[in-house]
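Colleague: One structure follows; several queries about it will come next.
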Amino acid sequence: MSIQSTDLPAKKTIVIVRYGELSLKSKGVRDRYEQILKNNIQQMLEYHNVAFSKIQRDFGRIFIHSSDPAAAEKAALVFGVVSVSSAYTCPSDPAAITALCAEIGSEMIADGEKYAVRARRSGNHTFTSNEIARQCGDAIWNKLVETGKTPAVDLTNPDKEVFVEVRQTNSYVYSETIKGPGGFPTGTQGKMVVLLSGGIDSPVAAWLMMKRGIEIIPVFFDNEEYAGSIVAEKAIENAKVLFSWMPGRKQKIYRIKNGEYMKKMMQTTGPKNICLMCKRFMFRIAGAVMEKEHASGIITGSSLGQVASQTAENMLSETYGLSLPLYHPLLAFDKQEIIDIAQRIGTFDISIRSNGEKECLAVPDKPEVKAVLTAAVMEEEKMVFDIDEMIQKTVMNAEIIEMKI
Ligand code: ATP
Ligand code: MG
């Protein structure tokens with residue numbers, strides 16, 4: 001039986017979603033992760049108002065039934081997704097597959113362009129993937145000739161590729177693949193607090209951990225009279241951009257009013273150690289928020305040596321004696337690598353916004369760059385207030401900004 005070109009689908013009606021690492025999990029875990037991934041894809045499509053009729057799991061793939069041209073692009077934003085392709089579909093019958101390939105191939109391959117057909121197959125069929133690839137190649141050839149074009153096959157270095165994926169009942173034909181972020185679906189690895197500023201680095205650090213399946217709770221320090229006036233606005237906007245990568249959830253941002261601590265700390269801490277003590281307090285507060293939110297870690301945007309104060313000595317002194325699960329995913333990244341990701345994820349333009357003001361008025365001209373191990377602990381001992389009480393009070397006075405994105 002052969003099908004007429006008038007029977008061919010006019011539109012791509014299916015988006016094939018591929019995922020990677022989670023398919024290596026044991027069956028039970030894989031099942032759960034796939035279900036979460038499917039839900040997350042649905043949330044992403046709904047967030048972007050993409051129309052779809054069904055999302056289906058099927059042996060190592062997720063299929064989105066949608067002819068909305070935005071479906072593939074939006075599905076490719078979901079953590080856990082390795083790649084997506086928008087495809088035409090037909091029954092897994094050689095006549096139908098070759099007719100579909102001929103139709104699509106002859107439309108996309110220009111006169112004289114070299115092409116290749118790549119086929120893969122799963123299930124039980126009377127043909128192999130090589131056989132169907134050859135038959136599709138021939139069908140395209142004939143159709144190109146029929147339409148007055150000169151065909152040329154080149155399997156090594158083609159100008160155009162037609163991909164055929166044959167599954168048990170249905171087959172899919174497509175020509176393009178969009179890369180996804182990879183990683184694990186949001187929500188599979190628990191929650192972490194992120195120390196999120198208005199700067200370039202911390203949103204990127206958060207995003208990288210989100211890519212591994214983490215849900216984030218941003219904690220932003222508003223240093224009040226020591227902060228530039230647009231810092232808070234940038235941090236909150238960055239948080240919203242990050243939330244848009246895991247939409248469909250209730251979110252919260254902790255805005256920590258930190259003016260009182262800064263003022264009191266600076267009464268006993270000399271200028272050199274202000275940054276050290278500011279950081280240490282941020283870590284302590286983040287630890288308290290982490291416990292309150294039943295989260296399991298703290299993410300920062302620290303990158304070794306990026307600014308004079310981010311030295312290994314300082315990082316050690318800042319955390320000496322504290323028992324906190326701090327994660328610094330950018331520690332080994334170069335600035336340009338961080339900027340490239342910031343641009344891709346949509347936080348860069350927010351982070352570089354400036355009104356000419358200094359972002360932190362408490363930063364001294366010459367901050368410590370080579371702190372001795374116990375420097376921060378010794379500064380804390382000099383303080384004339386109780387640090388635990390200050391932590392409690394500061395967390396209690398935090399403004400919690402709630403939103404659904
Ligand atoms: P960023 O670009 O993320 O602001 P940075 O290069 O400016 O980082 P620092 O100011 O030394 O570096 O901050 C290091 C990390 O400390 C930040 O990446 C962030 O995780 C955290 N941090 C700094 N300032 C704040 C703030 N106001 N609120 C919350 N976290 C902060
Ligand atoms: Mg900063």
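Residues are referred to by chain and number: the chain letter is A, B, ... according to the order shown in the structure tokens, the number counts from 1 in that chain, and ligands are numbered separately from 1 in the order shown.
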Please report as JSON lines every residue of chain A lying within 6 Å of ligand 1, along with the nearest atom pair and their distance in Å (one decimal), using only C-alpha atoms and all ligand atoms.
Modeller:
{"residue": "A:Leu195", "atom": "CA", "partner": "ligand 1", "partner_atom_place_in_ligand_line": "30 (N)", "distance": 3.8}
{"residue": "A:Leu196", "atom": "CA", "partner": "ligand 1", "partner_atom_place_in_ligand_line": "29 (C)", "distance": 4.3}
{"residue": "A:Ser197", "atom": "CA", "partner": "ligand 1", "partner_atom_place_in_ligand_line": "26 (C)", "distance": 4.2}
{"residue": "A:Gly198", "atom": "CA", "partner": "ligand 1", "partner_atom_place_in_ligand_line": "4 (O)", "distance": 5.8}
{"residue": "A:Gly199", "atom": "CA", "partner": "ligand 1", "partner_atom_place_in_ligand_line": "2 (O)", "distance": 3.4}
{"residue": "A:Ile200", "atom": "CA", "partner": "ligand 1", "partner_atom_place_in_ligand_line": "2 (O)", "distance": 3.9}
{"residue": "A:Asp201", "atom": "CA", "partner": "ligand 1", "partner_atom_place_in_ligand_line": "3 (O)", "distance": 3.7}
{"residue": "A:Ser202", "atom": "CA", "partner": "ligand 1", "partner_atom_place_in_ligand_line": "3 (O)", "distance": 3.5}
{"residue": "A:Val219", "atom": "CA", "partner": "ligand 1", "partner_atom_place_in_ligand_line": "29 (C)", "distance": 5.8}
{"residue": "A:Phe220", "atom": "CA", "partner": "ligand 1", "partner_atom_place_in_ligand_line": "28 (N)", "distance": 3.9}
{"residue": "A:Phe221", "atom": "CA", "partner": "ligand 1", "partner_atom_place_in_ligand_line": "28 (N)", "distance": 3.7}
{"residue": "A:Asp222", "atom": "CA", "partner": "ligand 1", "partner_atom_place_in_ligand_line": "27 (N)", "distance": 5.8}
{"residue": "A:Thr300", "atom": "CA", "partner": "ligand 1", "partner_atom_place_in_ligand_line": "20 (O)", "distance": 3.4}
{"residue": "A:Gly301", "atom": "CA", "partner": "ligand 1", "partner_atom_place_in_ligand_line": "18 (O)", "distance": 3.0}
{"residue": "A:Ser302", "atom": "CA", "partner": "ligand 1", "partner_atom_place_in_ligand_line": "14 (C)", "distance": 4.6}
Colleague: Which neighbours of stretch 272-278 of chain A fall inside 9 Å, counting only C-alpha atoms, when residues of the same chain fewer than 6 positions from it are skipped, and could you give them as a count of residues only?
Modeller: 22
Colleague: For a test of reading the model, state the distance in Å between atom CA of A:Ala51 and atom CA of A:Asn39, rounded to one decimal.
Modeller: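 Those two atoms sit 15.1 Å apart.
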Colleague: Find the spatial neighbours of A:Ile298, counting only C-alpha atoms, within a cut-off of 7 Å - ignore same-chain residues fewer than 5 positions away - and output them as a ChimeraX atom specification.
Modeller: /A:192-194,286,325-327
Colleague: Using C-alpha atoms, can you write the selected residues to a file as a PDB file, in the first residue's frame?
Modeller:
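Listed below is the output, selection_33.pdb:
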ATOM      1  CA  MET A 192      19.077  24.438  48.417  1.00  0.00           C
ATOM      2  CA  VAL A 193      19.402  28.007  49.560  1.00  0.00           C
ATOM      3  CA  VAL A 194      21.309  30.269  47.173  1.00  0.00           C
ATOM      4  CA  ALA A 286      21.931  31.167  54.983  1.00  0.00           C
ATOM      5  CA  PRO A 325      27.243  22.591  53.448  1.00  0.00           C
ATOM      6  CA  LEU A 326      28.487  25.402  51.188  1.00  0.00           C
ATOM      7  CA  TYR A 327      28.660  24.754  47.446  1.00  0.00           C
TER       8      TYR A 327
END
Colleague: Considering only C-alpha atoms and all ligand atoms, state which residue in the set A:Lys234, A:Arg18, A:Lys263, A:Lys404 is at the smallest distance from ligand 2.
Modeller: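 Smallest distance to ligand 2 is found for A:Lys234.
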Colleague: For the structure I just gave you, how does DSSP split stretch 48-156 of chain A - specifically, which residues are helix (DSSP H, G or I)? Reply as a PyMOL selection string.
Modeller: chain A and resi 71-75+94-108+129-146
Colleague: Given the choices A:Arg353, A:Gly305, A:Cys136, A:Tyr174, which gets closest to A:Asn238 if the distance is worked out from only C-alpha atoms?
Modeller: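 Of A:Arg353, A:Gly305, A:Cys136, A:Tyr174, the one nearest A:Asn238, counting only C-alpha atoms, is A:Arg353.
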Colleague: Separation of atom CA of A:Thr126 and atom CA of A:Phe59, in Å?
Modeller: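 A separation of 20.3 Å between them.
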Colleague: Considering only C-alpha atoms and all ligand atoms, state which residue in the set A:Gly123, A:Pro151, A:Gly80, A:Pro203 is at the smallest distance from ligand 2.
Modeller: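 Of all the options, A:Pro203 lies closest to ligand 2.
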